[in-house]
Structures are given as C-alpha cells and as structure tokens.
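**Q** Next up, start_10.txt (compact mmCIF, C-alpha atoms).
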```txt
# COMPACT_ATOMS: atom_id res chain seq x y z
CA MET Q 1078 -114.13 -5.41 197.65
CA SER Q 1079 -111.05 -3.96 199.34
CA THR Q 1080 -109.08 -5.14 202.35
CA VAL Q 1081 -106.90 -2.64 204.20
CA TYR Q 1082 -103.81 -3.46 206.23
CA ALA Q 1083 -102.72 -0.46 208.31
CA ALA Q 1084 -99.52 -0.78 210.31
CA MET Q 1085 -99.83 1.36 213.40
CA ARG Q 1086 -97.05 1.56 215.98
CA ASP Q 1087 -97.94 -1.62 217.84
CA THR Q 1088 -100.97 -2.94 215.97
CA LEU Q 1089 -101.75 -4.27 212.52
CA LEU Q 1090 -105.25 -3.09 211.75
CA VAL Q 1091 -107.06 -5.34 209.25
CA ALA Q 1092 -110.38 -4.14 207.86
CA SER Q 1093 -112.36 -5.35 204.86
CA GLU Q 1094 -115.11 -3.72 202.88
CA GLU Q 1095 -116.88 -7.06 202.62
CA ALA Q 1096 -117.17 -7.20 206.43
CA GLY Q 1097 -118.46 -3.64 206.68
CA TRP Q 1098 -115.00 -2.38 207.71
CA GLU Q 1099 -115.17 -4.21 211.01
CA ALA Q 1100 -111.55 -4.12 212.10
CA GLU Q 1101 -109.37 -6.88 213.51
CA ARG Q 1102 -106.29 -5.97 215.55
CA ARG Q 1103 -103.17 -8.08 215.34
CA LEU Q 1104 -99.54 -8.03 216.51
CA GLY Q 1105 -100.10 -5.95 219.62
CA THR Q 1106 -96.65 -6.61 221.05
CA HIS Q 1107 -94.47 -5.49 218.14
CA ASP Q 1108 -93.07 -2.15 216.99
CA LEU Q 1109 -94.27 -2.24 213.39
CA GLN Q 1110 -92.39 -0.51 210.56
CA CYS Q 1111 -93.99 -1.58 207.27
CA VAL Q 1112 -96.53 -3.87 205.62
CA ALA Q 1113 -96.55 -5.46 202.15
CA VAL Q 1114 -99.17 -7.54 200.34
CA SER Q 1115 -99.39 -8.78 196.77
CA PRO Q 1116 -102.79 -8.34 195.09
CA GLU Q 1117 -102.16 -11.71 193.45
CA VAL Q 1118 -101.94 -13.46 196.83
CA PRO Q 1119 -103.94 -11.15 199.13
CA GLU Q 1120 -103.98 -13.54 202.06
CA ARG Q 1121 -100.15 -13.47 202.32
CA VAL Q 1122 -99.03 -10.50 204.41
CA PHE Q 1123 -95.51 -9.41 205.34
CA VAL Q 1124 -94.85 -7.09 208.27
CA GLY Q 1125 -91.48 -5.63 209.18
CA THR Q 1126 -90.79 -4.86 212.83
CA PHE Q 1127 -88.17 -3.01 214.83
CA GLU Q 1128 -86.17 -5.70 216.65
CA GLY Q 1129 -88.79 -8.37 215.97
CA GLY Q 1130 -87.64 -9.25 212.46
CA LEU Q 1131 -89.91 -10.09 209.54
CA LEU Q 1132 -93.34 -11.62 210.13
CA ARG Q 1133 -95.49 -13.44 207.59
CA SER Q 1134 -99.16 -14.36 207.57
CA ALA Q 1135 -100.69 -16.93 205.25
CA ASP Q 1136 -104.27 -16.28 206.35
CA GLY Q 1137 -104.88 -12.59 205.81
CA GLY Q 1138 -103.36 -11.44 209.08
CA ARG Q 1139 -105.17 -13.80 211.46
CA SER Q 1140 -101.91 -15.44 212.49
CA PHE Q 1141 -98.22 -14.72 211.92
CA GLU Q 1142 -94.91 -16.52 212.01
CA ARG Q 1143 -91.43 -15.12 211.96
CA VAL Q 1144 -89.50 -15.77 208.76
CA GLY Q 1145 -86.16 -14.65 207.46
CA ARG Q 1146 -84.00 -15.64 210.41
CA SER Q 1147 -81.03 -15.60 208.02
CA ILE Q 1148 -81.54 -11.83 207.65
CA ASP Q 1149 -78.70 -10.33 209.66
CA SER Q 1150 -80.76 -7.59 211.33
CA ASP Q 1151 -83.92 -7.77 213.45
CA ARG Q 1152 -84.81 -4.26 212.30
CA VAL Q 1153 -86.83 -4.70 209.10
CA MET Q 1154 -87.77 -1.21 207.95
CA SER Q 1155 -89.18 -1.80 204.44
CA ALA Q 1156 -90.76 -4.61 202.44
CA THR Q 1157 -92.25 -5.07 198.99
CA VAL Q 1158 -93.57 -7.89 196.82
CA SER Q 1159 -92.51 -7.99 193.18
CA PRO Q 1160 -95.12 -6.92 190.62
CA HIS Q 1161 -93.66 -9.60 188.33
CA ASP Q 1162 -93.79 -12.58 190.70
CA PRO Q 1163 -95.70 -12.77 194.02
CA GLU Q 1164 -93.15 -15.30 195.30
CA GLU Q 1165 -90.39 -12.68 195.08
CA VAL Q 1166 -90.14 -10.51 198.19
CA TRP Q 1167 -87.59 -7.81 199.04
CA VAL Q 1168 -86.86 -6.29 202.44
CA GLY Q 1169 -84.58 -3.53 203.70
CA THR Q 1170 -83.04 -3.31 207.15
CA GLU Q 1171 -81.21 -1.12 209.62
CA PRO Q 1172 -78.25 -0.86 209.19
CA SER Q 1173 -78.84 -0.46 205.48
CA ALA Q 1174 -78.95 -3.80 203.70
CA VAL Q 1175 -81.27 -5.42 201.17
CA TYR Q 1176 -82.43 -9.04 201.09
CA ARG Q 1177 -84.34 -11.00 198.47
CA SER Q 1178 -86.53 -14.09 198.71
CA ARG Q 1179 -87.63 -16.07 195.65
CA ASP Q 1180 -89.93 -18.42 197.56
CA ALA Q 1181 -92.33 -16.15 199.46
CA GLY Q 1182 -90.05 -15.75 202.46
CA GLU Q 1183 -88.86 -19.30 203.06
CA SER Q 1184 -85.24 -18.51 202.20
CA TRP Q 1185 -83.29 -15.28 201.75
CA GLU Q 1186 -80.20 -14.00 200.01
CA HIS Q 1187 -78.24 -10.89 200.91
CA VAL Q 1188 -78.05 -8.53 197.94
CA GLU Q 1189 -74.44 -7.34 198.01
CA GLY Q 1190 -72.86 -4.03 197.16
CA ILE Q 1191 -74.84 -1.41 199.05
CA ALA Q 1192 -72.39 -1.02 201.92
CA ASP Q 1193 -69.54 -0.54 199.42
CA LEU Q 1194 -70.98 2.55 197.72
CA PRO Q 1195 -68.73 5.63 197.99
CA SER Q 1196 -71.36 7.78 199.71
CA GLU Q 1197 -72.08 5.21 202.46
CA PRO Q 1198 -69.86 6.93 205.09
CA GLU Q 1199 -72.11 10.00 204.74
CA TRP Q 1200 -75.36 8.13 205.47
CA PHE Q 1201 -77.02 8.64 208.86
CA PHE Q 1202 -80.46 8.62 210.48
CA PRO Q 1203 -80.81 11.74 212.67
CA PRO Q 1204 -82.64 10.12 215.63
CA ARG Q 1205 -79.98 7.39 215.66
CA PRO Q 1206 -77.05 9.12 213.93
CA ASP Q 1207 -74.70 6.17 214.30
CA THR Q 1208 -76.80 4.17 211.82
CA HIS Q 1209 -79.11 4.42 208.79
CA HIS Q 1210 -81.64 2.19 207.08
CA VAL Q 1211 -83.45 1.24 203.89
CA ARG Q 1212 -86.69 3.18 204.14
CA TRP Q 1213 -88.19 2.07 200.81
CA ILE Q 1214 -87.73 -0.49 198.02
CA GLU Q 1215 -89.58 0.02 194.74
CA LEU Q 1216 -89.49 -2.55 191.94
CA ASP Q 1217 -90.03 -1.27 188.42
CA PRO Q 1218 -93.20 -2.82 186.92
CA HIS Q 1219 -91.80 -2.44 183.38
CA ASP Q 1220 -88.28 -3.79 183.96
CA SER Q 1221 -87.83 -6.80 186.23
CA GLY Q 1222 -84.16 -5.97 186.71
CA ARG Q 1223 -84.57 -2.39 187.90
CA ILE Q 1224 -84.80 -1.61 191.61
CA TYR Q 1225 -85.01 1.75 193.37
CA VAL Q 1226 -83.90 1.96 197.01
CA GLY Q 1227 -84.28 4.93 199.34
CA ILE Q 1228 -81.73 5.22 202.14
CA GLU Q 1229 -82.79 7.24 205.17
CA LEU Q 1230 -80.78 9.38 205.22
CA GLY Q 1231 -78.20 9.52 202.48
CA ALA Q 1232 -79.02 8.46 198.95
CA LEU Q 1233 -81.25 7.10 196.29
CA ILE Q 1234 -79.60 4.03 194.79
CA VAL Q 1235 -80.64 2.19 191.63
CA SER Q 1236 -79.86 -1.20 190.15
CA ASP Q 1237 -80.57 -2.27 186.58
CA ASP Q 1238 -79.53 -5.91 187.07
CA VAL Q 1239 -81.54 -7.18 190.06
CA GLY Q 1240 -79.01 -5.88 192.54
CA GLY Q 1241 -75.91 -7.17 190.80
CA THR Q 1242 -74.54 -3.63 190.63
CA TRP Q 1243 -75.71 -0.31 192.06
CA ARG Q 1244 -75.46 3.33 191.07
CA GLU Q 1245 -75.98 6.04 193.66
CA ARG Q 1246 -77.30 9.58 193.78
CA PRO Q 1247 -78.45 10.05 190.15
CA PRO Q 1248 -78.50 13.73 189.08
CA GLY Q 1249 -81.28 15.60 190.85
CA SER Q 1250 -82.27 12.72 193.12
CA ARG Q 1251 -83.16 13.38 196.73
CA ARG Q 1252 -80.99 12.29 199.67
CA ASP Q 1253 -83.76 11.59 202.21
CA ASN Q 1254 -86.23 9.45 200.28
CA HIS Q 1255 -89.12 8.30 202.47
CA SER Q 1256 -91.27 6.64 199.82
CA LEU Q 1257 -91.01 5.90 196.11
CA ALA Q 1258 -93.61 4.95 193.53
CA THR Q 1259 -93.80 3.83 189.91
CA HIS Q 1260 -96.73 3.66 187.51
CA PRO Q 1261 -98.09 0.65 185.58
CA ASP Q 1262 -98.92 2.75 182.51
CA ALA Q 1263 -95.88 5.05 182.42
CA PRO Q 1264 -92.56 3.31 181.74
CA GLY Q 1265 -89.66 5.20 183.27
CA ARG Q 1266 -91.80 7.31 185.60
CA VAL Q 1267 -90.67 7.33 189.24
CA TYR Q 1268 -91.97 9.50 192.07
CA SER Q 1269 -90.19 10.38 195.32
CA ALA Q 1270 -91.45 11.86 198.58
CA ALA Q 1271 -88.39 12.91 200.55
CA GLY Q 1272 -87.46 14.92 203.58
CA ASP Q 1273 -85.62 17.29 201.27
CA GLY Q 1274 -88.56 17.69 198.89
CA TYR Q 1275 -90.53 16.08 196.08
CA ALA Q 1276 -88.90 14.72 192.91
CA GLU Q 1277 -89.85 12.89 189.70
CA SER Q 1278 -87.96 10.94 187.08
CA ARG Q 1279 -89.15 10.10 183.58
CA ASP Q 1280 -86.14 8.05 182.51
CA GLY Q 1281 -86.05 5.20 184.98
CA GLY Q 1282 -84.22 7.12 187.68
CA GLU Q 1283 -81.36 8.35 185.51
CA THR Q 1284 -82.20 12.02 186.14
CA TRP Q 1285 -84.68 13.81 188.41
CA THR Q 1286 -86.63 17.07 188.41
CA HIS Q 1287 -88.22 18.98 191.28
CA PRO Q 1288 -91.74 20.18 190.35
CA GLN Q 1289 -92.54 21.90 193.65
CA ASN Q 1290 -94.34 25.13 192.72
CA GLY Q 1291 -97.37 25.33 195.00
CA LEU Q 1292 -96.04 22.69 197.39
CA ALA Q 1293 -95.69 24.86 200.48
CA HIS Q 1294 -94.78 22.02 202.87
CA ARG Q 1295 -91.75 20.20 201.55
CA TYR Q 1296 -90.91 17.61 204.16
CA CYS Q 1297 -92.62 14.89 202.12
CA TRP Q 1298 -93.49 11.48 203.49
CA SER Q 1299 -95.86 9.39 201.36
CA VAL Q 1300 -96.39 9.53 197.59
CA CYS Q 1301 -99.14 7.83 195.59
CA PRO Q 1302 -99.93 8.35 191.89
CA ASP Q 1303 -103.38 7.78 190.47
CA PRO Q 1304 -103.31 4.31 188.85
CA ALA Q 1305 -105.47 5.70 186.02
CA ASP Q 1306 -103.43 8.83 185.39
CA PRO Q 1307 -99.65 9.10 185.91
CA ASP Q 1308 -99.91 12.91 185.89
CA THR Q 1309 -102.13 12.95 189.00
CA VAL Q 1310 -100.26 12.29 192.23
CA LEU Q 1311 -100.92 12.75 195.95
CA VAL Q 1312 -98.24 13.46 198.53
CA SER Q 1313 -98.37 13.93 202.30
CA SER Q 1314 -96.06 16.55 203.76
CA ALA Q 1315 -95.27 18.92 206.60
CA SER Q 1316 -92.80 21.70 207.30
CA GLY Q 1317 -90.36 19.38 209.07
CA ALA Q 1318 -89.87 16.07 210.83
CA ARG Q 1319 -91.38 17.10 214.15
CA SER Q 1320 -94.56 18.54 212.65
CA ALA Q 1321 -94.86 15.42 210.49
CA HIS Q 1322 -94.42 12.72 213.13
CA SER Q 1323 -94.93 14.12 216.65
CA VAL Q 1324 -98.52 14.43 217.80
CA ASP Q 1325 -97.70 17.25 220.23
CA ALA Q 1326 -96.42 19.36 217.32
CA ALA Q 1327 -98.31 17.80 214.40
CA ASP Q 1328 -99.25 20.01 211.47
CA ALA Q 1329 -99.35 17.94 208.27
CA TYR Q 1330 -101.14 18.17 204.92
CA VAL Q 1331 -101.99 16.29 201.74
CA TYR Q 1332 -101.36 17.84 198.32
CA ARG Q 1333 -102.46 16.82 194.84
CA ARG Q 1334 -100.53 17.56 191.67
CA ARG Q 1335 -102.71 17.68 188.57
CA ASP Q 1336 -102.41 19.67 185.35
CA GLY Q 1337 -98.87 20.55 186.37
CA ARG Q 1338 -99.69 22.32 189.63
CA TRP Q 1339 -99.97 21.45 193.32
CA GLU Q 1340 -103.14 22.01 195.32
CA ARG Q 1341 -103.54 21.52 199.07
CA LEU Q 1342 -106.52 19.31 199.84
CA ASP Q 1343 -108.01 21.16 202.81
CA ASP Q 1344 -111.62 20.89 203.97
CA ARG Q 1345 -112.35 17.83 201.84
CA GLY Q 1346 -113.23 15.41 204.66
CA LEU Q 1347 -109.64 14.32 205.26
CA PRO Q 1348 -108.27 15.87 208.48
CA THR Q 1349 -105.14 17.96 207.94
CA GLY Q 1350 -103.35 20.73 209.75
CA GLU Q 1351 -102.84 21.23 213.47
CA GLY Q 1352 -102.88 18.01 215.48
CA VAL Q 1353 -102.73 15.76 212.42
CA VAL Q 1354 -99.61 13.73 211.60
CA ARG Q 1355 -98.48 12.98 208.05
CA ALA Q 1356 -100.69 10.49 206.25
CA VAL Q 1357 -99.65 7.24 204.64
CA LEU Q 1358 -101.27 6.89 201.21
CA ALA Q 1359 -102.28 3.99 198.97
CA ALA Q 1360 -104.49 3.41 195.93
CA HIS Q 1361 -106.74 0.51 194.95
CA GLU Q 1362 -109.66 -0.07 192.55
CA GLY Q 1363 -110.16 3.53 191.53
CA GLY Q 1364 -109.79 4.99 195.00
CA PHE Q 1365 -107.17 6.65 197.15
CA TYR Q 1366 -106.75 5.61 200.79
CA ALA Q 1367 -105.11 7.58 203.58
CA VAL Q 1368 -104.39 6.76 207.20
CA ASN Q 1369 -103.29 9.27 209.83
CA ASN Q 1370 -103.83 9.58 213.57
CA ARG Q 1371 -107.46 10.58 213.04
CA GLY Q 1372 -108.59 7.50 211.15
CA LEU Q 1373 -108.73 5.66 207.86
CA PHE Q 1374 -110.13 7.54 204.85
CA ARG Q 1375 -111.03 6.86 201.21
CA SER Q 1376 -111.57 9.08 198.19
CA THR Q 1377 -113.15 7.90 194.95
CA ASP Q 1378 -112.82 11.24 193.12
CA ASP Q 1379 -109.05 11.82 193.07
CA GLY Q 1380 -109.06 13.53 196.46
CA ASP Q 1381 -111.84 16.05 195.84
CA SER Q 1382 -113.74 14.51 198.75
CA TRP Q 1383 -112.96 11.90 201.42
CA GLU Q 1384 -115.05 9.64 203.59
CA ARG Q 1385 -113.95 8.32 206.96
CA LEU Q 1386 -114.30 4.56 206.89
CA PRO Q 1387 -116.28 3.17 209.86
CA VAL Q 1388 -113.27 1.44 211.41
CA ASP Q 1389 -113.23 1.22 215.19
CA TRP Q 1390 -110.44 3.69 215.97
CA SER Q 1391 -108.52 3.17 219.18
CA PRO Q 1392 -107.63 6.28 221.25
CA ALA Q 1393 -104.08 4.96 221.22
CA PHE Q 1394 -103.97 5.42 217.44
CA GLU Q 1395 -104.56 9.15 217.90
CA ASN Q 1396 -101.28 9.47 219.78
CA GLY Q 1397 -98.92 8.12 217.13
CA ALA Q 1398 -98.05 8.15 213.46
CA PRO Q 1399 -99.05 5.21 211.23
CA ARG Q 1400 -96.16 3.20 209.80
CA GLY Q 1401 -97.54 1.58 206.65
CA LEU Q 1402 -100.61 0.97 204.51
CA ALA Q 1403 -101.46 -1.74 201.99
CA VAL Q 1404 -104.81 -2.15 200.21
CA VAL Q 1405 -105.77 -5.20 198.13
```
Render the structure in this file as structure tokens.

**A**
Amino acid sequence: MSTVYAAMRDTLLVASEEAGWEAERRLGTHDLQCVAVSPEVPERVFVGTFEGGLLRSADGGRSFERVGRSIDSDRVMSATVSPHDPEEVWVGTEPSAVYRSRDAGESWEHVEGIADLPSEPEWFFPPRPDTHHVRWIELDPHDSGRIYVGIELGALIVSDDVGGTWRERPPGSRRDNHSLATHPDAPGRVYSAAGDGYAESRDGGETWTHPQNGLAHRYCWSVCPDPADPDTVLVSSASGARSAHSVDAADAYVYRRRDGRWERLDDRGLPTGEGVVRAVLAAHEGGFYAVNNRGLFRSTDDGDSWERLPVDWSPAFENGAPRGLAVV
C-alpha cells in the first residue's frame, strides 16, 4: 500500500491507498519547496519551506516541528534522505549551500566548499537574479561518498568524498538542473532534467550525453526512471519556464524514453498540454506517480495509461504548480 506526500504551494497533501486515498491537508501557512521521505522510516517526513526553514514530522505528516535552526538560511529548497542510512539527511538552501544531518535532523553540519567553486560568480536564479539555490541533491545508491548537486541556475557539482571536495560542470553536464535521479540497478547511471535540456551520465557524472531526439519540449523539470528498467525514463517538460510554471500560460507535457527514443504521452489519462503545468514525477512499487495542477495520477504500465486517484482536489491546487512529490 502506497502513501503519497504532495507538496503544493501552501499545503502538504497526504493520501494513502490503505485509506482509499482520502487526503489530509497539512502546513497550510507555509510556502513549501520540497518533501523527502525514506521508505525505511515512512512516518518521518521532511519538508523544506521558503522562509520557514526545515520542518520534520515523526507521525506521517500529522504534526510537524521545525528542525535545523543551525542552518544559516530559512529558505530550504531541496531535501533528500540517504539510501544508505535513513538517519542521514541532506538539504540545500538559497543562497546555495548544503547541510548534512547524521541523526535524522537533530543536528546539522555545513558542507563546505560550494561557495568557493570558480563558477560561483556566474550562478543566478532569474526571478531573483541576485541569488541562486540548490534545487536538487541526489545521493548515489552504489557509492555512499558520491553526491550530485544541481544549482539553479549555474552548475552541476559532484563530490566523491561525501562533500569533502567538489568538482563542477563535468563535460556535457547541464547548467540549470531541476531534478536528478539515479538507479538502484545501474551503477554510474545518472539522469538530469534541466532548463537547458535532458542529459544522462553512465560513468557516475564524469561525462554527460544529450539523448534528445523526439523530445520536442526541452525545458525539463522532473525526471523519473523506471525502477525495474534503467532504460525507461519519464520526464516532464515544456517549451520554457512560463509555460511550465504559470497557469495562465501553462502548456506542459510528459515524455517517455524507451528503446532509445522519446514518445510524448498524450491522451493516456494524464492531462497535458494547454492549461496544465509541468508535472512532478515519482515511482513506487511498480508504478509511476505524477502530480500537476489537475490532480494526482498513477500508471502501472510504464505510462501507457494513467488513472486519476480519487483525492479530494482543492480548486486552489488548480491555480499553482506542485513543488514536490514523495511516495512510500
């Protein structure tokens, strides 16, 4: 049975299959940015907020407390739980900085070195050009020392020693990485959905290729490989930032890459196109999940067909873009 945590702009939507997808709404006073949950400890939920810091729940989202007051910024833009240890949590902030907890959020250490990278003066976030942030942190499931960090906007940076040192902008890597993914059965494979296109690495982020033939919309937002097949991957995308995020100009799509080619998943039960913002994607127990401004959807056949889950959908959700999705 799956439980879904969908971070909307000012609501954490919690819905479980066991309860017939009856949704609970939490955190109605915060500007949410991300959500992270470990499948090993599914009742522990981390939510990053804009100017509200990092929040943690120990009871599956029923109640929250603020943690990480030693984190120097209240703008927590990304969060992830280690696949090696559910007590190890990483968060990224605006301005760009990375923090690590080894005790499930009780204490935090600043991971040094990011601000000293040579390309840092070139980083900027267009809506707030005087700053930038860590949009995504991905921990390699095959190498506990390797970390991939996407800076919006400016660089992909990689560490091979748990953040002791960093290397920036590997050959072919994207500059505007929005989400990153790895695969449990494919050592070295990394996927990137970026504002400047899609990219893949097969050598642990050392070099990157751009398999984009058939991908007509290349402002990519969310990437999710099939847990059973590293060569099948879904990505949400649009023609640009406004058509991806703004409801008044929304025109976003979901593509699937399989057998080496991209296919747009239109007319499959998942709303796409005019009026639809870019989806956030996740995978769990043989199914793909997607959330956009039209609802929460699931596919159990690699995206060939989608069902809308019977979650009570607020009209307010139709007027904004979802911020994060975690399924356990």

**Q** Compile a residue-level contact table for range 1085-1138 of chain Q against range 1212-1234 of chain Q at a cut-off of 12 Å, reporting for every qualifying residue the shortest atom pair and its distance in Å to one decimal, with only C-alpha atoms counted, rows ordered by chain and ascending number, as CSV.

**A**
```
residue,atom,partner,partner_atom,distance
Q:Gln1110,CA,Q:Arg1212,CA,9.3
Q:Cys1111,CA,Q:Arg1212,CA,9.3
Q:Val1112,CA,Q:Trp1213,CA,11.3
Q:Ala1113,CA,Q:Ile1214,CA,10.9
Q:Gly1125,CA,Q:Arg1212,CA,11.2
```

**Q** Return as lines of an AutoDock Vina configuration file the box centre and box size in Å, one decimal, for an axis-aligned box around all listed atoms of range 1199-1216 of chain Q padded by 5 Å per side.

**A**
```
center_x = -80.8
center_y = 4.6
center_z = 203.8
size_x = 27.5
size_y = 24.3
size_z = 33.7
```

**Q** Determine, counting only C-alpha atoms, every residue of protein, DNA or RNA that lies within 7 Å of (-101.6, 1.3, 218.0) in the file coordinates, then give the result as a list in words.

**A**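 Counting only C-alpha atoms, I find these residues within 7 Å of (-101.6, 1.3, 218.0): Met1085, Arg1086, Asp1087, Thr1088, Ala1393 and Phe1394 of chain Q.
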
**Q** Deliver the residues from the most recent selection as a file, using C-alpha atoms, as an mmCIF file, in the frame of the given file.

**A**
```cif
data_model
loop_
_atom_site.group_PDB
_atom_site.id
_atom_site.type_symbol
_atom_site.label_atom_id
_atom_site.label_comp_id
_atom_site.auth_asym_id
_atom_site.auth_seq_id
_atom_site.Cartn_x
_atom_site.Cartn_y
_atom_site.Cartn_z
ATOM 1 C CA MET Q 1085 -99.830 1.360 213.400
ATOM 2 C CA ARG Q 1086 -97.050 1.560 215.980
ATOM 3 C CA ASP Q 1087 -97.940 -1.620 217.840
ATOM 4 C CA THR Q 1088 -100.970 -2.940 215.970
ATOM 5 C CA ALA Q 1393 -104.080 4.960 221.220
ATOM 6 C CA PHE Q 1394 -103.970 5.420 217.440
#
```

**Q** Taking all atoms listed in the file into account, which of Q:Asp1328, Q:Val1114, Q:Pro1304, Q:Ile1148 comes nearest Ser1134 in chain Q?

**A**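 Under the stated criterion, the closest residue is Q:Val1114.
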
**Q** Give me the residues near range 1383-1391 of chain Q as a ChimeraX atom specification, where near means some atom within 8 Å (using all atoms listed in the file) and where sequence neighbours in that chain fewer than 2 positions away do not count.

**A** /Q:1092,1097-1100,1345-1347,1372-1377,1380-1381,1393-1395

**Q** Skipping near chain neighbours, those fewer than 4 positions away, what residues fall within 7 Å of Arg1338 in chain Q using only C-alpha atoms, listed as an MDAnalysis selection string?

**A** chainID Q and resid 1290:1291 1334

**Q** Q:Ala1156, Q:Val1354, Q:Ala1083, Q:Ala1192: which is nearest Ser1173 in chain Q, counting only C-alpha atoms?

**A** Q:Ala1192

**Q** Which value, in Å to one decimal, gives the distance between CA of Asp1303 in chain Q and CA of Ser1382 in chain Q?

**A** 14.9 Å

**Q** Could you work out how far CA of Arg1295 in chain Q lies from CA of Gly1281 in chain Q, giving the answer in Å with one decimal?

**A**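 The value is 23.1 Å.
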
**Q** What would the list of residues within 12 Å of (-87.2, -4.7, 204.6) (file frame) look like as a PyMOL selection string, if only C-alpha atoms are what count?

**A** chain Q and resi 1109-1113+1123-1127+1130-1132+1145+1148-1158+1166-1178+1182+1185+1187-1188+1210-1215+1226-1228

**Q** Given the choices Q:Ala1293, Q:Val1324, Q:Val1353, Q:Ala1258, which gets closest to Val1310 in chain Q if the distance is worked out from all atoms listed in the file?

**A**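 Selected residue with least distance to Val1310 in chain Q: Q:Ala1258.
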
**Q** When distances are computed from all atoms listed in the file, which of Q:Leu1089, Q:Ala1398, Q:Leu1257, Q:Cys1301 shows the smallest separation from Gly1282 in chain Q?

**A**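 That would be Q:Leu1257, the residue with the smallest distance to Gly1282 in chain Q.
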
**Q** Restricting the calculation to only C-alpha atoms: of Q:Glu1245, Q:Glu1183, Q:Glu1128, Q:Asp1280, which residue gets closest to Glu1197 in chain Q?

**A**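 Closest candidate: Q:Glu1245.
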
**Q** CA of Tyr1268 in chain Q and CA of Pro1248 in chain Q, how far apart in Å?

**A**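 Separation between CA of Pro1248 in chain Q and CA of Tyr1268 in chain Q: 14.4 Å.
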
**Q** Pick the closest to Ser1323 in chain Q from Q:Asn1370, Q:Thr1284, Q:Ser1093, Q:Ser1299: which is it, counting all atoms listed in the file?

**A**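 Between Q:Asn1370, Q:Thr1284, Q:Ser1093, Q:Ser1299, the residue approaching Ser1323 in chain Q most closely is Q:Asn1370.
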
**Q** Could you give me, as a list in words, the residues within 7 Å of range 1117-1120 of chain Q, counting all atoms listed in the file and dropping anything in the same chain fewer than 4 positions from it?

**A**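 Skipping anything fewer than 4 positions along the chain leaves Ala1135, Asp1136, Gly1137, Pro1163 and Val1405 of chain Q.
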